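The structure file my_file-v5.txt is reproduced below (compact mmCIF, C-alpha atoms).
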```
# COMPACT_ATOMS: atom_id res chain seq x y z
CA MET A 1 -28.27 27.60 -22.76
CA THR A 2 -27.16 28.62 -19.28
CA LYS A 3 -26.45 25.81 -16.83
CA LEU A 4 -26.45 26.24 -13.07
CA TYR A 5 -24.25 24.46 -10.52
CA LEU A 6 -24.35 24.58 -6.71
CA ARG A 7 -21.45 23.61 -4.47
CA PRO A 8 -22.60 23.02 -0.87
CA VAL A 9 -20.49 24.94 1.66
CA GLY A 10 -20.46 25.39 5.41
CA ILE A 11 -20.64 21.62 5.85
CA ALA A 12 -20.71 20.47 9.46
CA VAL A 13 -22.26 17.87 11.72
CA ALA A 14 -26.05 18.17 11.84
CA ARG A 15 -26.21 18.89 15.55
CA ASP A 16 -29.94 19.10 16.21
CA ALA A 17 -33.34 18.59 14.69
CA ALA A 18 -33.52 22.19 13.48
CA THR A 19 -30.37 21.77 11.38
CA LYS A 20 -31.37 18.35 10.07
CA ASN A 21 -34.65 19.61 8.69
CA ALA A 22 -35.17 21.95 5.76
CA ASN A 23 -35.06 25.50 7.10
CA LYS A 24 -33.18 28.72 6.66
CA LEU A 25 -30.25 27.63 8.85
CA GLY A 26 -29.10 24.47 7.14
CA LEU A 27 -30.11 21.49 5.03
CA PRO A 28 -29.20 17.81 5.38
CA LEU A 29 -26.53 16.60 2.96
CA CYS A 30 -27.88 13.55 1.08
CA GLY A 31 -28.84 11.58 4.18
CA THR A 32 -25.47 11.67 5.94
CA ALA A 33 -24.76 13.01 9.42
CA LEU A 34 -23.75 16.29 7.79
CA ALA A 35 -25.62 19.46 6.90
CA PHE A 36 -24.72 22.38 4.65
CA THR A 37 -25.51 25.98 5.51
CA GLY A 38 -25.03 27.52 2.09
CA ALA A 39 -23.79 27.05 -1.45
CA GLU A 40 -21.57 28.62 -4.05
CA ILE A 41 -23.35 29.28 -7.35
CA PHE A 42 -21.69 28.78 -10.73
CA GLU A 43 -23.21 29.47 -14.14
CA ARG A 44 -21.95 28.20 -17.46
CA SER A 45 -23.00 29.39 -20.88
CA GLY A 46 -20.84 27.92 -23.63
CA ASN A 47 -17.25 28.79 -22.77
CA THR A 48 -18.26 31.51 -20.31
CA ILE A 49 -18.19 30.55 -16.64
CA GLN A 50 -19.35 32.86 -13.87
CA ARG A 51 -18.89 32.38 -10.15
CA HIS A 52 -21.58 34.26 -8.28
CA GLY A 53 -20.25 33.81 -4.76
CA LEU A 54 -21.57 32.20 -1.60
CA PHE A 55 -25.19 32.26 -0.47
CA SER A 56 -26.87 31.10 2.72
CA ILE A 57 -29.77 28.63 2.65
CA GLU A 58 -32.11 31.51 3.39
CA GLU A 59 -30.72 33.46 0.45
CA LEU A 60 -30.94 30.42 -1.84
CA GLN A 61 -34.62 30.09 -1.00
CA ARG A 62 -35.34 33.80 -1.31
CA ARG A 63 -37.55 34.70 -4.22
CA GLU A 64 -35.47 37.54 -5.67
CA LEU A 65 -32.28 35.45 -5.75
CA THR A 66 -33.89 32.42 -7.35
CA GLN A 67 -35.56 34.62 -9.94
CA VAL A 68 -32.13 35.89 -10.98
CA HIS A 69 -30.41 32.50 -11.08
CA GLY A 70 -33.35 30.33 -12.10
CA ARG A 71 -35.79 29.49 -9.37
CA GLU A 72 -36.56 26.01 -10.69
CA GLN A 73 -32.87 25.16 -11.14
CA VAL A 74 -31.97 26.21 -7.60
CA ALA A 75 -34.92 24.28 -6.17
CA ALA A 76 -34.00 21.19 -8.20
CA TRP A 77 -30.41 21.30 -6.94
CA LEU A 78 -31.51 21.65 -3.32
CA THR A 79 -33.89 18.70 -3.72
CA VAL A 80 -31.14 16.45 -5.06
CA LEU A 81 -28.56 17.59 -2.51
CA THR A 82 -30.85 16.84 0.44
CA ARG A 83 -32.28 13.54 -0.78
CA PRO A 84 -30.89 10.49 1.11
CA ARG A 85 -28.97 8.05 -1.08
CA LYS A 86 -30.12 4.45 -1.27
CA SER A 87 -27.88 1.66 -0.03
CA ILE A 88 -25.81 -0.27 -2.56
CA CYS A 89 -25.26 -3.98 -2.01
CA GLY A 90 -26.99 -3.58 1.34
CA LEU A 91 -24.30 -1.24 2.67
CA PRO A 92 -25.70 1.80 4.51
CA ALA A 93 -25.20 5.04 2.61
CA GLU A 94 -25.38 7.26 5.68
CA ARG A 95 -21.98 6.04 6.91
CA PRO A 96 -18.77 6.07 4.83
CA GLN A 97 -17.70 2.66 3.55
CA ILE A 98 -14.14 1.49 2.85
CA MET A 99 -13.22 -0.26 -0.38
CA GLY A 100 -9.95 -2.17 -0.05
CA ILE A 101 -7.72 -2.41 -3.11
CA VAL A 102 -6.59 -5.88 -4.25
CA ASN A 103 -4.28 -5.44 -7.24
CA VAL A 104 -3.45 -8.76 -8.89
CA THR A 105 -1.02 -7.06 -11.25
CA PRO A 106 2.74 -6.96 -11.77
CA ASP A 107 2.88 -3.22 -12.52
CA SER A 108 0.43 -1.19 -10.40
CA PHE A 109 1.97 2.10 -9.31
CA SER A 110 2.00 1.34 -5.58
CA ASP A 111 1.82 -2.40 -5.00
CA GLY A 112 2.47 -4.06 -8.34
CA GLY A 113 3.82 -7.60 -8.04
CA GLN A 114 3.17 -7.91 -4.31
CA LEU A 115 0.34 -10.39 -4.86
CA ALA A 116 2.08 -12.90 -7.08
CA ASN A 117 -0.72 -15.44 -7.29
CA SER A 118 -4.41 -15.90 -6.51
CA GLU A 119 -3.74 -17.49 -3.11
CA ALA A 120 -1.73 -14.46 -2.00
CA ALA A 121 -4.43 -12.12 -3.34
CA ILE A 122 -7.20 -14.01 -1.52
CA ALA A 123 -5.25 -13.93 1.74
CA HIS A 124 -4.63 -10.20 1.32
CA ALA A 125 -8.30 -9.54 0.59
CA LEU A 126 -9.34 -11.40 3.74
CA ARG A 127 -6.88 -9.34 5.77
CA LEU A 128 -8.39 -6.16 4.33
CA GLU A 129 -11.85 -7.33 5.37
CA ASP A 130 -10.60 -8.02 8.89
CA ALA A 131 -9.07 -4.54 8.93
CA GLY A 132 -12.41 -2.88 8.12
CA ALA A 133 -13.07 -3.04 4.38
CA SER A 134 -16.71 -3.63 3.48
CA ILE A 135 -15.88 -3.93 -0.25
CA LEU A 136 -12.90 -5.66 -1.87
CA ASP A 137 -11.96 -4.24 -5.28
CA ILE A 138 -10.10 -6.83 -7.37
CA GLY A 139 -8.20 -5.62 -10.42
CA GLY A 140 -6.11 -7.44 -13.01
CA GLU A 141 -5.06 -4.52 -15.21
CA SER A 142 -3.00 -1.56 -14.06
CA THR A 143 -4.34 1.79 -15.22
CA ARG A 144 -1.49 3.81 -13.74
CA PRO A 145 -0.19 6.70 -15.87
CA GLY A 146 1.76 5.32 -18.83
CA SER A 147 0.47 1.77 -18.54
CA ASP A 148 -0.35 -0.47 -21.50
CA PRO A 149 -3.56 -2.48 -21.91
CA VAL A 150 -3.60 -6.07 -20.66
CA ALA A 151 -4.79 -8.94 -22.84
CA LEU A 152 -8.26 -10.26 -22.02
CA ASP A 153 -7.09 -13.78 -21.17
CA ASP A 154 -4.38 -12.47 -18.85
CA GLU A 155 -6.82 -10.23 -16.99
CA LEU A 156 -9.34 -13.06 -16.62
CA ALA A 157 -6.66 -15.40 -15.32
CA ARG A 158 -5.72 -12.86 -12.66
CA VAL A 159 -9.11 -11.84 -11.29
CA LEU A 160 -11.45 -14.82 -11.67
CA PRO A 161 -9.64 -17.19 -9.26
CA VAL A 162 -9.62 -14.46 -6.61
CA ILE A 163 -13.33 -13.69 -6.95
CA GLU A 164 -14.17 -17.40 -6.94
CA GLY A 165 -11.84 -18.01 -4.00
CA LEU A 166 -13.50 -15.31 -1.91
CA ALA A 167 -17.02 -16.60 -2.55
CA GLY A 168 -18.45 -17.87 0.71
CA ARG A 169 -15.32 -16.93 2.65
CA CYS A 170 -16.04 -13.30 3.46
CA GLN A 171 -18.88 -10.97 4.34
CA ALA A 172 -17.37 -8.10 2.39
CA LYS A 173 -18.77 -7.39 -1.06
CA THR A 174 -16.53 -8.10 -4.04
CA SER A 175 -15.97 -5.66 -6.89
CA VAL A 176 -14.09 -6.17 -10.15
CA ASP A 177 -11.98 -3.25 -11.38
CA THR A 178 -12.03 -3.55 -15.17
CA ARG A 179 -12.74 -1.74 -18.44
CA LYS A 180 -13.64 -4.88 -20.40
CA ALA A 181 -17.20 -6.14 -20.85
CA GLU A 182 -16.16 -9.80 -20.97
CA VAL A 183 -14.25 -9.49 -17.70
CA MET A 184 -17.32 -7.86 -16.17
CA ARG A 185 -19.58 -10.66 -17.42
CA ARG A 186 -17.30 -13.48 -16.28
CA ALA A 187 -16.63 -11.80 -12.91
CA ILE A 188 -20.37 -11.52 -12.26
CA GLU A 189 -20.76 -15.23 -13.07
CA ALA A 190 -17.93 -15.92 -10.60
CA GLY A 191 -19.77 -14.02 -7.85
CA ALA A 192 -18.71 -10.35 -8.09
CA ASP A 193 -21.22 -8.04 -6.39
CA MET A 194 -20.36 -4.82 -8.21
CA LEU A 195 -18.29 -3.31 -11.02
CA ASN A 196 -15.71 -0.53 -11.12
CA ASP A 197 -14.82 0.97 -14.50
CA VAL A 198 -12.21 3.73 -14.76
CA SER A 199 -13.57 4.56 -18.22
CA ALA A 200 -17.18 5.02 -17.01
CA LEU A 201 -18.31 2.31 -19.48
CA THR A 202 -16.78 4.02 -22.53
CA TYR A 203 -13.75 1.78 -23.22
CA ASP A 204 -15.69 -1.30 -24.34
CA PRO A 205 -18.85 -0.73 -26.43
CA SER A 206 -20.48 -3.82 -24.86
CA SER A 207 -19.93 -2.86 -21.23
CA LEU A 208 -23.06 -0.75 -20.83
CA GLU A 209 -25.22 -3.62 -22.04
CA VAL A 210 -23.51 -6.04 -19.64
CA VAL A 211 -24.14 -3.70 -16.72
CA ALA A 212 -27.77 -3.12 -17.70
CA GLN A 213 -28.47 -6.85 -17.95
CA SER A 214 -26.58 -7.78 -14.80
CA GLY A 215 -28.51 -5.66 -12.33
CA LYS A 216 -25.21 -4.98 -10.53
CA PRO A 217 -24.06 -1.59 -9.22
CA VAL A 218 -21.26 0.13 -11.13
CA ILE A 219 -18.74 2.85 -10.34
CA LEU A 220 -18.37 5.43 -13.11
CA MET A 221 -15.00 7.16 -12.99
CA HIS A 222 -13.73 10.13 -14.95
CA ALA A 223 -10.42 9.78 -16.77
CA LEU A 224 -9.07 12.22 -19.33
CA GLY A 225 -7.99 10.02 -22.22
CA ASP A 226 -6.19 6.69 -22.07
CA PRO A 227 -3.89 5.71 -19.17
CA LYS A 228 -0.95 5.64 -21.60
CA THR A 229 -1.22 9.36 -22.35
CA MET A 230 -3.57 10.87 -19.76
CA GLN A 231 -0.86 12.68 -17.80
CA GLN A 232 0.63 14.39 -20.85
CA ASP A 233 -0.35 18.01 -20.19
CA PRO A 234 -4.04 17.53 -19.23
CA LYS A 235 -6.21 20.63 -19.73
CA TYR A 236 -9.76 21.66 -18.80
CA ASP A 237 -11.87 24.76 -19.28
CA ASP A 238 -12.89 24.33 -15.64
CA VAL A 239 -11.86 21.04 -14.06
CA LEU A 240 -14.73 20.95 -11.55
CA LEU A 241 -17.49 21.76 -14.03
CA ASP A 242 -16.01 19.75 -16.91
CA ILE A 243 -15.83 16.56 -14.84
CA TYR A 244 -19.27 17.18 -13.36
CA ASP A 245 -20.69 17.47 -16.89
CA TYR A 246 -18.89 14.32 -18.02
CA LEU A 247 -20.21 12.23 -15.13
CA GLU A 248 -23.69 13.68 -15.56
CA ALA A 249 -23.61 12.59 -19.21
CA ARG A 250 -22.45 9.08 -18.30
CA ILE A 251 -25.24 8.78 -15.71
CA ALA A 252 -27.71 9.86 -18.40
CA ALA A 253 -26.31 7.20 -20.76
CA CYS A 254 -26.75 4.57 -18.06
CA ARG A 255 -30.32 5.65 -17.41
CA ALA A 256 -31.09 5.49 -21.12
CA ALA A 257 -29.78 1.91 -21.13
CA GLY A 258 -31.99 0.97 -18.17
CA VAL A 259 -29.49 1.37 -15.33
CA GLN A 260 -31.17 3.33 -12.55
CA PRO A 261 -29.27 5.92 -10.46
CA ASP A 262 -29.56 3.82 -7.28
CA ARG A 263 -27.12 1.39 -8.92
CA LEU A 264 -24.57 4.09 -9.77
CA ILE A 265 -21.58 5.54 -7.94
CA ALA A 266 -19.63 8.50 -9.36
CA ASP A 267 -15.88 8.97 -8.98
CA PRO A 268 -14.14 12.17 -10.19
CA GLY A 269 -10.97 10.16 -10.88
CA ILE A 270 -8.23 11.78 -8.81
CA GLY A 271 -4.93 11.40 -10.65
CA PHE A 272 -6.43 10.22 -13.95
CA GLY A 273 -5.53 12.96 -16.39
CA LYS A 274 -5.12 15.67 -13.75
CA THR A 275 -2.31 17.88 -12.54
CA MET A 276 -1.73 18.42 -8.82
CA GLU A 277 -3.71 21.67 -9.07
CA HIS A 278 -6.59 19.84 -10.76
CA ASN A 279 -6.60 17.20 -8.01
CA LEU A 280 -6.66 19.79 -5.25
CA THR A 281 -9.47 21.72 -6.92
CA LEU A 282 -11.52 18.52 -7.18
CA LEU A 283 -10.87 17.59 -3.56
CA ALA A 284 -11.89 21.07 -2.44
CA GLY A 285 -15.06 20.95 -4.53
CA LEU A 286 -16.19 17.35 -4.01
CA SER A 287 -19.49 18.40 -2.47
CA MET A 288 -20.69 19.69 -5.86
CA PHE A 289 -20.81 16.12 -7.17
CA HIS A 290 -23.67 15.33 -4.79
CA GLY A 291 -25.74 17.22 -7.34
CA LEU A 292 -25.43 14.16 -9.58
CA GLY A 293 -27.91 12.40 -7.30
CA VAL A 294 -25.83 9.24 -6.81
CA GLN A 295 -23.35 7.98 -4.24
CA LEU A 296 -19.80 9.33 -4.51
CA MET A 297 -16.49 7.52 -4.30
CA LEU A 298 -13.06 9.03 -3.67
CA GLY A 299 -9.91 7.21 -4.72
CA ALA A 300 -6.92 9.31 -3.71
CA SER A 301 -4.92 6.60 -1.96
CA ARG A 302 -1.13 6.94 -2.35
CA LYS A 303 -1.54 9.08 -5.48
CA ARG A 304 1.34 11.03 -6.97
CA PHE A 305 -0.03 14.44 -5.93
CA ILE A 306 0.37 13.38 -2.28
CA GLY A 307 4.04 12.71 -2.97
CA ALA A 308 4.38 16.07 -4.70
CA LEU A 309 2.89 17.84 -1.67
CA THR A 310 4.84 15.94 0.98
CA GLY A 311 8.06 15.11 -0.83
CA GLU A 312 7.47 11.39 -0.30
CA GLN A 313 8.44 9.66 -3.55
CA ILE A 314 7.76 6.09 -2.39
CA ALA A 315 4.07 5.38 -2.89
CA ASN A 316 3.52 2.99 0.02
CA ARG A 317 4.91 5.57 2.43
CA ARG A 318 2.15 8.07 1.59
CA VAL A 319 -0.22 6.63 4.19
CA ALA A 320 -0.67 9.78 6.27
CA GLY A 321 -1.41 11.90 3.21
CA SER A 322 -3.83 9.27 1.92
CA VAL A 323 -5.74 9.24 5.22
CA ALA A 324 -5.88 13.04 5.19
CA ALA A 325 -7.39 13.01 1.70
CA ALA A 326 -9.90 10.35 2.75
CA LEU A 327 -11.05 12.39 5.73
CA ALA A 328 -11.34 15.49 3.54
CA GLY A 329 -13.71 13.51 1.33
CA VAL A 330 -15.73 12.10 4.20
CA ALA A 331 -16.10 15.59 5.65
CA GLN A 332 -17.84 16.53 2.38
CA GLY A 333 -20.21 13.58 2.51
CA VAL A 334 -18.44 11.08 0.24
CA GLN A 335 -19.99 7.66 0.81
CA LEU A 336 -17.16 5.38 -0.37
CA ILE A 337 -13.39 5.61 0.09
CA ARG A 338 -11.13 3.39 -2.05
CA VAL A 339 -7.81 2.78 -0.28
CA HIS A 340 -4.74 0.58 -0.03
CA ASP A 341 -4.20 1.19 3.70
CA VAL A 342 -7.42 -0.12 5.18
CA THR A 343 -6.30 -0.40 8.82
CA GLU A 344 -5.13 3.19 9.07
CA THR A 345 -8.15 4.52 7.19
CA HIS A 346 -10.57 2.48 9.31
CA HIS A 347 -8.98 3.77 12.51
CA ALA A 348 -9.24 7.36 11.26
CA LEU A 349 -12.89 6.92 10.23
CA THR A 350 -13.72 5.27 13.57
CA VAL A 351 -12.38 8.28 15.45
CA TRP A 352 -14.10 10.69 13.03
CA GLN A 353 -17.43 8.88 13.33
CA SER A 354 -17.18 8.80 17.13
CA ILE A 355 -16.62 12.54 17.21
CA VAL A 356 -19.58 13.07 14.88
CA GLU A 357 -21.88 10.95 17.04
CA ALA A 358 -20.73 12.67 20.21
CA SER A 359 -21.46 16.11 18.80
CA ARG A 360 -24.99 15.41 17.54
```

Go ahead and express the file in the form of structure tokens.
Amino acid sequence: MTKLYLRPVGIAVARDAATKNANKLGLPLCGTALAFTGAEIFERSGNTIQRHGLFSIEELQRRELTQVHGREQVAAWLTVLTRPRKSICGLPAERPQIMGIVNVTPDSFSDGGQLANSEAAIAHALRLEDAGASILDIGGESTRPGSDPVALDDELARVLPVIEGLAGRCQAKTSVDTRKAEVMRRAIEAGADMLNDVSALTYDPSSLEVVAQSGKPVILMHALGDPKTMQQDPKYDDVLLDIYDYLEARIAACRAAGVQPDRLIADPGIGFGKTMEHNLTLLAGLSMFHGLGVQLMLGASRKRFIGALTGEQIANRRVAGSVAAALAGVAQGVQLIRVHDVTETHHALTVWQSIVEASR
């Protein structure tokens, strides 16, 4: 069976009504302030992958082209790519949101041990909200490359007091970053608004049921293998298409369990079982993941590939590279950016958004 993929290209600010509406010049990109003027077409049949080049919107809608590449498939892709995404937790999907990272761990790759207790973590989370974070992502288990699993009781003891301590003290939404169903369940009871699972609900067999019953949104991230071994020579047939297919399958599994797409966010998992080349390919092709029909999150903050590109070996000094990656994602319509450096990212997005509004 041949499968079709479209990667939106020529993405720019939707400057006028003609560009915002469906026509031969450009199409709106999933309800954001951006429009795309064409797409790259890929086809996959088994292990054979073909790249058919770039096509304008007019060409994509032309009968002879769509007959060759599958008229219904092209039309279906364009419908999904142009459909506005629904808000999650009441946060508008048409503007990029910032998720601030709150690692209550001794061994995270960038800030492990900096938040030694729940009081310090709560204070840090409140500072991130003041700096511009609309979501606070609280994690009690490091999933950095080479890390070992954390015992359930230890993870609960780290995250629950922070979630409980933030309840009623902030307007930002709270998220729990975990792979364990019991942590998810207890965090929801403590007041967590959403869930973030680096295993896309595959690590714990009970996690999908917990999510389905909770009614909470969940972030599904791609990771190649376990954190302990994921960076040991990762390989893909095609990193962009392989990860797209994986996330598509996880979304289908969620739907089968009763979790609707408007509760899902997809994350290609920068740095989780990827080489620097893999990461750059994903960042360059992020717009393809809009074809999944859900909101997208990008988590590239302070990652190792930024250090490899810039020569900066100390993770918390990779701020400029992290902001550049965030803006690259936003320029492709990503709705959620997960970052350590909220102030700098918020300033950059404020300037970017102001430029967008001024040019419309």

**Message:** Measuring between only C-alpha atoms, which one of A:Leu240, A:Val294, A:Gln313, A:Val159 shows the shortest distance to Glu119 (chain A)?
**Reply:**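 Closest residue, counting only C-alpha atoms: A:Val159.
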
Can you tell me, as a PDB file with C-alpha atoms, keeping the file's coordinate frame, what residues are no more than 9 Å from Leu166 (chain A) when counting only C-alpha atoms, ignoring any on the same chain fewer than 6 positions away?
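Output below, filename result_25.pdb:
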```pdb
ATOM      1  CA  ILE A 122      -7.200 -14.010  -1.520  1.00  0.00           C
ATOM      2  CA  ALA A 125      -8.300  -9.540   0.590  1.00  0.00           C
ATOM      3  CA  LEU A 126      -9.340 -11.400   3.740  1.00  0.00           C
ATOM      4  CA  THR A 174     -16.530  -8.100  -4.040  1.00  0.00           C
ATOM      5  CA  GLY A 191     -19.770 -14.020  -7.850  1.00  0.00           C
TER       6      GLY A 191
END
```

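Distance check against Thr310 (chain A) using all atoms listed in the file: of A:Ala324, A:Ala75, A:Val183, A:Val259, the minimum falls on A:Ala324.
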
**Request:** Write out as a ChimeraX atom specification each polymer residue whose atoms come within 9 Å of Arg51 (chain A), counting all atoms listed in the file; drop sequence neighbours fewer than 2 positions from it.
**Result:** /A:40-44,49,53-54

**Item:** Distance in Å - CA of Gln61 (chain A) versus CA of Leu6 (chain A)
**Value:**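 It comes out at 13.0 Å.
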
**Message:** I'd like the interatomic distance between CA of Pro149 (chain A) and CA of Ala249 (chain A), to a tenth of an Å.
**Reply:**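 Separating CA of Pro149 (chain A) from CA of Ala249 (chain A) is a distance of 25.2 Å.
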
**Best match for closeness to Met194 (chain A) among A:Pro28, A:Gly273, A:Gly90, A:Pro84, counting all atoms listed in the file** =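 Comparing A:Pro28, A:Gly273, A:Gly90, A:Pro84 against Met194 (chain A), the winner is A:Gly90.
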
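If you measure from each of A:Asn47, A:Gln97, A:Thr32, A:Thr79 to Leu292 (chain A) using only C-alpha atoms, the closest one turns out to be A:Thr79.
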
**Item:** Between CA of Ser56 (chain A) and CA of Arg7 (chain A), distance in Å (one decimal)
**Value:**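 Between these atoms lies a distance of 11.7 Å.
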
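Distance check against Tyr244 (chain A) using only C-alpha atoms: of A:Gly258, A:Gly291, A:Gly10, A:Gly307, the minimum falls on A:Gly291.
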
**Contacts of Ile306 (chain A) within 10 Å, only C-alpha atoms, excl. fewer than 2 positions in-chain, as a list in words** =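 Listing them by chain and then by number gives Met276, Asn279, Leu280, Ala300, Ser301, Arg302, Lys303, Arg304, Ala308, Leu309, Thr310, Gly311, Glu312, Gln313, Ala315, Arg318, Val319, Ala320, Gly321, Ser322, Ala324 and Ala325 of chain A.
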
**Message:** Applying 8 Å and only C-alpha atoms, which residues near Pro145 (chain A) remain after dropping the ones on its own chain fewer than 4 positions away? List them as a list in words.
**Reply:**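 So, after excluding close chain neighbours, the residues are Pro227, Lys228, Thr229, Met230, Gln231 and Phe272 of chain A.
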
Could you turn the residues from that selection into a file that holds C-alpha atoms, as a CSV table (one decimal), in the frame of the given file?
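Output saved as again.csv:
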```csv
chain,number,residue,atom,x,y,z
A,227,PRO,CA,-3.9,5.7,-19.2
A,228,LYS,CA,-1.0,5.6,-21.6
A,229,THR,CA,-1.2,9.4,-22.4
A,230,MET,CA,-3.6,10.9,-19.8
A,231,GLN,CA,-0.9,12.7,-17.8
A,272,PHE,CA,-6.4,10.2,-14.0
```

Skipping near chain neighbours, those fewer than 6 positions away, what residues fall within 9 Å of Arg83 (chain A) using only C-alpha atoms, listed as a JSON list (two decimals) with C-alpha atoms, in the coordinates of the input?
```json
[["chain", "number", "residue", "atom", "x", "y", "z"],
["A", 28, "PRO", "CA", -29.20, 17.81, 5.38],
["A", 29, "LEU", "CA", -26.53, 16.60, 2.96],
["A", 30, "CYS", "CA", -27.88, 13.55, 1.08],
["A", 31, "GLY", "CA", -28.84, 11.58, 4.18],
["A", 293, "GLY", "CA", -27.91, 12.40, -7.30]]
```

**Request:** Please identify all polymer residues lying at most 10 Å from the point (-22.2, 14.7, 18.4) (file coordinates), using all atoms listed in the file, and present the result as a list in words.
**Result:** Val13, Ala14, Arg15, Asp16, Ala33, Gln353, Ser354, Ile355, Val356, Glu357, Ala358, Ser359 and Arg360 of chain A

**Item:** Best match for closeness to Leu264 (chain A) among A:Gln73, A:Ser175, A:Ser207, A:Gln295, counting only C-alpha atoms
**Value:**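 Among the listed residues, the smallest separation from Leu264 (chain A) belongs to A:Gln295.
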
Within 9 Å of file point (-17.6, 5.3, -16.5), counting only C-alpha atoms, expressed as an mmCIF file with C-alpha atoms, in the coordinates of the input:
```
data_model
loop_
_atom_site.group_PDB
_atom_site.id
_atom_site.type_symbol
_atom_site.label_atom_id
_atom_site.label_comp_id
_atom_site.auth_asym_id
_atom_site.auth_seq_id
_atom_site.Cartn_x
_atom_site.Cartn_y
_atom_site.Cartn_z
ATOM 1 C CA ARG A 179 -12.740 -1.740 -18.440
ATOM 2 C CA ASN A 196 -15.710 -0.530 -11.120
ATOM 3 C CA ASP A 197 -14.820 0.970 -14.500
ATOM 4 C CA VAL A 198 -12.210 3.730 -14.760
ATOM 5 C CA SER A 199 -13.570 4.560 -18.220
ATOM 6 C CA ALA A 200 -17.180 5.020 -17.010
ATOM 7 C CA LEU A 201 -18.310 2.310 -19.480
ATOM 8 C CA THR A 202 -16.780 4.020 -22.530
ATOM 9 C CA TYR A 203 -13.750 1.780 -23.220
ATOM 10 C CA VAL A 218 -21.260 0.130 -11.130
ATOM 11 C CA ILE A 219 -18.740 2.850 -10.340
ATOM 12 C CA LEU A 220 -18.370 5.430 -13.110
ATOM 13 C CA MET A 221 -15.000 7.160 -12.990
ATOM 14 C CA HIS A 222 -13.730 10.130 -14.950
ATOM 15 C CA ALA A 223 -10.420 9.780 -16.770
ATOM 16 C CA LEU A 247 -20.210 12.230 -15.130
ATOM 17 C CA ARG A 250 -22.450 9.080 -18.300
ATOM 18 C CA ILE A 251 -25.240 8.780 -15.710
ATOM 19 C CA ALA A 266 -19.630 8.500 -9.360
ATOM 20 C CA ASP A 267 -15.880 8.970 -8.980
#
```
